Amino acid sequence: FARIGYLCCRAKASIVAHDEMDTGARRALNFGHTFAHAIEKRYNYKTYNHGEAVAIGMVMALAVGASLGITAAGAVRDVTRAIAAAGLTAELGIPEAELVPLMMGDKKNSRGTITLILLKKIGEPIVYDIEPDKLARILERL
């Protein structure tokens, strides 16, 4: 895992160097983070560390993307397997829809929508704005 961590940090540093203001390609690095920040708030930053919350958030983003017909089934399967292989959980322990109000304060949101980073497929992220009530309905069905 040390080699993977090194390569990830190197890739992130390159992306950040080219998009210091987080307005372009760097936004893709937020995959899973909108959910993760809400998870961290919900559990008062005690139950899940940041990496664990991001892993759960990635799985949630994949599920939302699949529900919307955006994310390919293979991406959902492969990322979920990779998270499990790393020893991380995708279990949250609360109804996911409870996170929606906490997600409203995220700095990436605009005009009353929640901004998510979803995947079409691995390596192909998209920025997707969704209304909070629509997101809650999707999460209630998961």
# chains A, B, ... in the order shown; residues from 1 in each chain; ligands from 1
call {"tool": "residues_around", "arguments": {"residues": "region 40-48 of chain A", "least_positions_apart": "5", "cutoff": "12 Å", "atoms": "only C-alpha atoms", "output": "PyMOL selection string"}}
result
chain A and resi 33-35+53-57+88-106
call {"tool": "select_by_dssp", "arguments": {"residues": "region 93-130 of chain A", "states": "strand (DSSP E or B)", "output": "list of chain:residue names"}}
result
A:Ser110, A:Thr113, A:Ile114, A:Thr115, A:Leu116, A:Ile117, A:Leu118, A:Leu119, A:Lys120, A:Lys121, A:Glu124, A:Pro125, A:Ile126, A:Val127, A:Tyr128, A:Asp129, A:Ile130
call {"tool": "write_last_selection", "arguments": {"atoms": "N, CA, C and O atoms", "output": "JSON list (two decimals), in the first residue's frame"}}
result
[["chain", "number", "residue", "atom", "x", "y", "z"],
["A", 110, "SER", "N", -23.82, 25.38, -4.73],
["A", 110, "SER", "CA", -24.24, 26.69, -5.21],
["A", 110, "SER", "C", -25.72, 26.65, -5.59],
["A", 110, "SER", "O", -26.25, 25.60, -5.94],
["A", 113, "THR", "N", -28.27, 23.82, -4.61],
["A", 113, "THR", "CA", -28.04, 22.43, -5.00],
["A", 113, "THR", "C", -26.82, 21.89, -4.27],
["A", 113, "THR", "O", -26.01, 22.64, -3.74],
["A", 114, "ILE", "N", -26.69, 20.58, -4.26],
["A", 114, "ILE", "CA", -25.54, 19.91, -3.69],
["A", 114, "ILE", "C", -24.65, 19.47, -4.85],
["A", 114, "ILE", "O", -25.14, 18.82, -5.78],
["A", 115, "THR", "N", -23.40, 19.84, -4.80],
["A", 115, "THR", "CA", -22.46, 19.48, -5.86],
["A", 115, "THR", "C", -21.73, 18.20, -5.48],
["A", 115, "THR", "O", -21.07, 18.14, -4.44],
["A", 116, "LEU", "N", -21.90, 17.19, -6.32],
["A", 116, "LEU", "CA", -21.25, 15.90, -6.13],
["A", 116, "LEU", "C", -20.25, 15.66, -7.25],
["A", 116, "LEU", "O", -20.44, 16.15, -8.36],
["A", 117, "ILE", "N", -19.23, 14.90, -6.95],
["A", 117, "ILE", "CA", -18.36, 14.37, -7.99],
["A", 117, "ILE", "C", -18.77, 12.92, -8.17],
["A", 117, "ILE", "O", -18.69, 12.12, -7.23],
["A", 118, "LEU", "N", -19.27, 12.61, -9.35],
["A", 118, "LEU", "CA", -19.68, 11.25, -9.68],
["A", 118, "LEU", "C", -18.72, 10.71, -10.73],
["A", 118, "LEU", "O", -17.96, 11.46, -11.33],
["A", 119, "LEU", "N", -18.76, 9.41, -10.93],
["A", 119, "LEU", "CA", -17.93, 8.80, -11.97],
["A", 119, "LEU", "C", -18.81, 8.25, -13.08],
["A", 119, "LEU", "O", -19.83, 7.60, -12.79],
["A", 120, "LYS", "N", -18.42, 8.52, -14.33],
["A", 120, "LYS", "CA", -19.04, 7.80, -15.45],
["A", 120, "LYS", "C", -18.44, 6.40, -15.46],
["A", 120, "LYS", "O", -19.14, 5.41, -15.53],
["A", 121, "LYS", "N", -17.13, 6.39, -15.39],
["A", 121, "LYS", "CA", -16.36, 5.15, -15.26],
["A", 121, "LYS", "C", -15.08, 5.53, -14.53],
["A", 121, "LYS", "O", -14.81, 6.72, -14.31],
["A", 124, "GLU", "N", -13.02, 8.80, -15.11],
["A", 124, "GLU", "CA", -13.85, 9.78, -15.81],
["A", 124, "GLU", "C", -14.87, 10.40, -14.85],
["A", 124, "GLU", "O", -16.05, 10.06, -14.87],
["A", 125, "PRO", "N", -14.40, 11.33, -14.00],
["A", 125, "PRO", "CA", -15.31, 11.98, -13.05],
["A", 125, "PRO", "C", -16.10, 13.09, -13.72],
["A", 125, "PRO", "O", -15.67, 13.67, -14.73],
["A", 126, "ILE", "N", -17.28, 13.39, -13.15],
["A", 126, "ILE", "CA", -18.06, 14.53, -13.61],
["A", 126, "ILE", "C", -18.55, 15.30, -12.39],
["A", 126, "ILE", "O", -18.71, 14.73, -11.31],
["A", 127, "VAL", "N", -18.77, 16.58, -12.58],
["A", 127, "VAL", "CA", -19.38, 17.42, -11.55],
["A", 127, "VAL", "C", -20.88, 17.38, -11.79],
["A", 127, "VAL", "O", -21.34, 17.59, -12.92],
["A", 128, "TYR", "N", -21.63, 17.07, -10.73],
["A", 128, "TYR", "CA", -23.08, 16.91, -10.87],
["A", 128, "TYR", "C", -23.78, 17.67, -9.75],
["A", 128, "TYR", "O", -23.55, 17.39, -8.57],
["A", 129, "ASP", "N", -24.61, 18.62, -10.12],
["A", 129, "ASP", "CA", -25.41, 19.35, -9.15],
["A", 129, "ASP", "C", -26.78, 18.68, -9.03],
["A", 129, "ASP", "O", -27.41, 18.40, -10.04],
["A", 130, "ILE", "N", -27.20, 18.47, -7.78],
["A", 130, "ILE", "CA", -28.46, 17.78, -7.54],
["A", 130, "ILE", "C", -29.23, 18.51, -6.45],
["A", 130, "ILE", "O", -28.64, 19.02, -5.49]]
call {"tool": "select_by_dssp", "arguments": {"residues": "region 56-121 of chain A", "states": "alpha helix (DSSP H)", "output": "tab-separated table (two decimals) with N, CA and C atoms, in the first residue's frame"}}
result
chain	number	residue	atom	x	y	z
A	56	ILE	N	-16.51	5.58	2.49
A	56	ILE	CA	-17.97	5.44	2.54
A	56	ILE	C	-18.60	6.42	1.54
A	57	GLY	N	-18.10	7.64	1.52
A	57	GLY	CA	-18.62	8.65	0.59
A	57	GLY	C	-18.44	8.26	-0.87
A	58	MET	N	-17.34	7.60	-1.19
A	58	MET	CA	-17.12	7.14	-2.56
A	58	MET	C	-18.15	6.10	-2.94
A	59	VAL	N	-18.42	5.17	-2.05
A	59	VAL	CA	-19.42	4.13	-2.33
A	59	VAL	C	-20.80	4.78	-2.48
A	60	MET	N	-21.10	5.76	-1.64
A	60	MET	CA	-22.38	6.46	-1.75
A	60	MET	C	-22.48	7.20	-3.08
A	61	ALA	N	-21.41	7.88	-3.49
A	61	ALA	CA	-21.41	8.59	-4.76
A	61	ALA	C	-21.59	7.62	-5.93
A	62	LEU	N	-20.95	6.48	-5.84
A	62	LEU	CA	-21.12	5.46	-6.88
A	62	LEU	C	-22.56	4.99	-6.96
A	63	ALA	N	-23.17	4.77	-5.80
A	63	ALA	CA	-24.56	4.31	-5.77
A	63	ALA	C	-25.50	5.37	-6.33
A	64	VAL	N	-25.26	6.63	-5.98
A	64	VAL	CA	-26.08	7.72	-6.52
A	64	VAL	C	-25.89	7.80	-8.03
A	65	GLY	N	-24.65	7.75	-8.48
A	65	GLY	CA	-24.37	7.80	-9.91
A	65	GLY	C	-25.04	6.66	-10.66
A	66	ALA	N	-25.00	5.46	-10.09
A	66	ALA	CA	-25.66	4.31	-10.73
A	66	ALA	C	-27.17	4.52	-10.77
A	67	SER	N	-27.74	5.05	-9.69
A	67	SER	CA	-29.18	5.30	-9.64
A	67	SER	C	-29.61	6.31	-10.69
A	73	ALA	N	-21.86	0.11	-14.14
A	73	ALA	CA	-21.90	-0.94	-13.12
A	73	ALA	C	-20.49	-1.46	-12.81
A	74	GLY	N	-19.65	-1.55	-13.79
A	74	GLY	CA	-18.29	-2.03	-13.57
A	74	GLY	C	-17.50	-1.13	-12.64
A	75	ALA	N	-17.73	0.18	-12.72
A	75	ALA	CA	-17.04	1.12	-11.83
A	75	ALA	C	-17.49	0.91	-10.39
A	76	VAL	N	-18.79	0.74	-10.21
A	76	VAL	CA	-19.33	0.50	-8.86
A	76	VAL	C	-18.69	-0.75	-8.28
A	77	ARG	N	-18.69	-1.82	-9.04
A	77	ARG	CA	-18.12	-3.10	-8.58
A	77	ARG	C	-16.64	-2.97	-8.26
A	78	ASP	N	-15.87	-2.40	-9.18
A	78	ASP	CA	-14.42	-2.36	-9.02
A	78	ASP	C	-13.97	-1.45	-7.87
A	79	VAL	N	-14.58	-0.28	-7.75
A	79	VAL	CA	-14.20	0.62	-6.66
A	79	VAL	C	-14.61	0.05	-5.31
A	80	THR	N	-15.80	-0.53	-5.26
A	80	THR	CA	-16.27	-1.14	-4.00
A	80	THR	C	-15.35	-2.29	-3.59
A	81	ARG	N	-14.92	-3.07	-4.54
A	81	ARG	CA	-13.97	-4.17	-4.24
A	81	ARG	C	-12.64	-3.63	-3.75
A	82	ALA	N	-12.16	-2.57	-4.38
A	82	ALA	CA	-10.87	-1.98	-3.97
A	82	ALA	C	-10.95	-1.43	-2.55
A	83	ILE	N	-12.06	-0.82	-2.21
A	83	ILE	CA	-12.25	-0.29	-0.86
A	83	ILE	C	-12.25	-1.43	0.15
A	84	ALA	N	-12.96	-2.50	-0.17
A	84	ALA	CA	-13.00	-3.67	0.73
A	84	ALA	C	-11.61	-4.30	0.85
A	85	ALA	N	-10.88	-4.38	-0.26
A	85	ALA	CA	-9.53	-4.98	-0.24
A	85	ALA	C	-8.57	-4.16	0.62
A	100	VAL	N	-28.19	14.48	4.11
A	100	VAL	CA	-28.48	15.55	3.16
A	100	VAL	C	-28.47	16.93	3.81
A	101	PRO	N	-29.16	17.16	4.93
A	101	PRO	CA	-29.09	18.51	5.52
A	101	PRO	C	-27.67	18.93	5.89
A	102	LEU	N	-26.84	17.98	6.29
A	102	LEU	CA	-25.46	18.29	6.64
A	102	LEU	C	-24.62	18.62	5.41
A	103	MET	N	-25.05	18.13	4.27
A	103	MET	CA	-24.32	18.36	3.03
A	103	MET	C	-24.58	19.76	2.47
call {"tool": "atom_distance", "arguments": {"atom1": "CA of Ile4 (chain A)", "atom2": "CA of His50 (chain A)"}}
result
17.7 Å
call {"tool": "atom_distance", "arguments": {"atom1": "CA of Leu68 (chain A)", "atom2": "CA of His37 (chain A)"}}
result
22.0 Å
call {"tool": "closest_residue", "arguments": {"among": "A:Phe31, A:Lys134, A:Tyr6, A:Gly51", "to": "Gly87 (chain A)", "atoms": "only C-alpha atoms"}}
result
A:Gly51
call {"tool": "closest_residue", "arguments": {"among": "A:Thr71, A:Ala17, A:Ile138, A:Pro132", "to": "Asn109 (chain A)", "atoms": "only C-alpha atoms"}}
result
A:Pro132
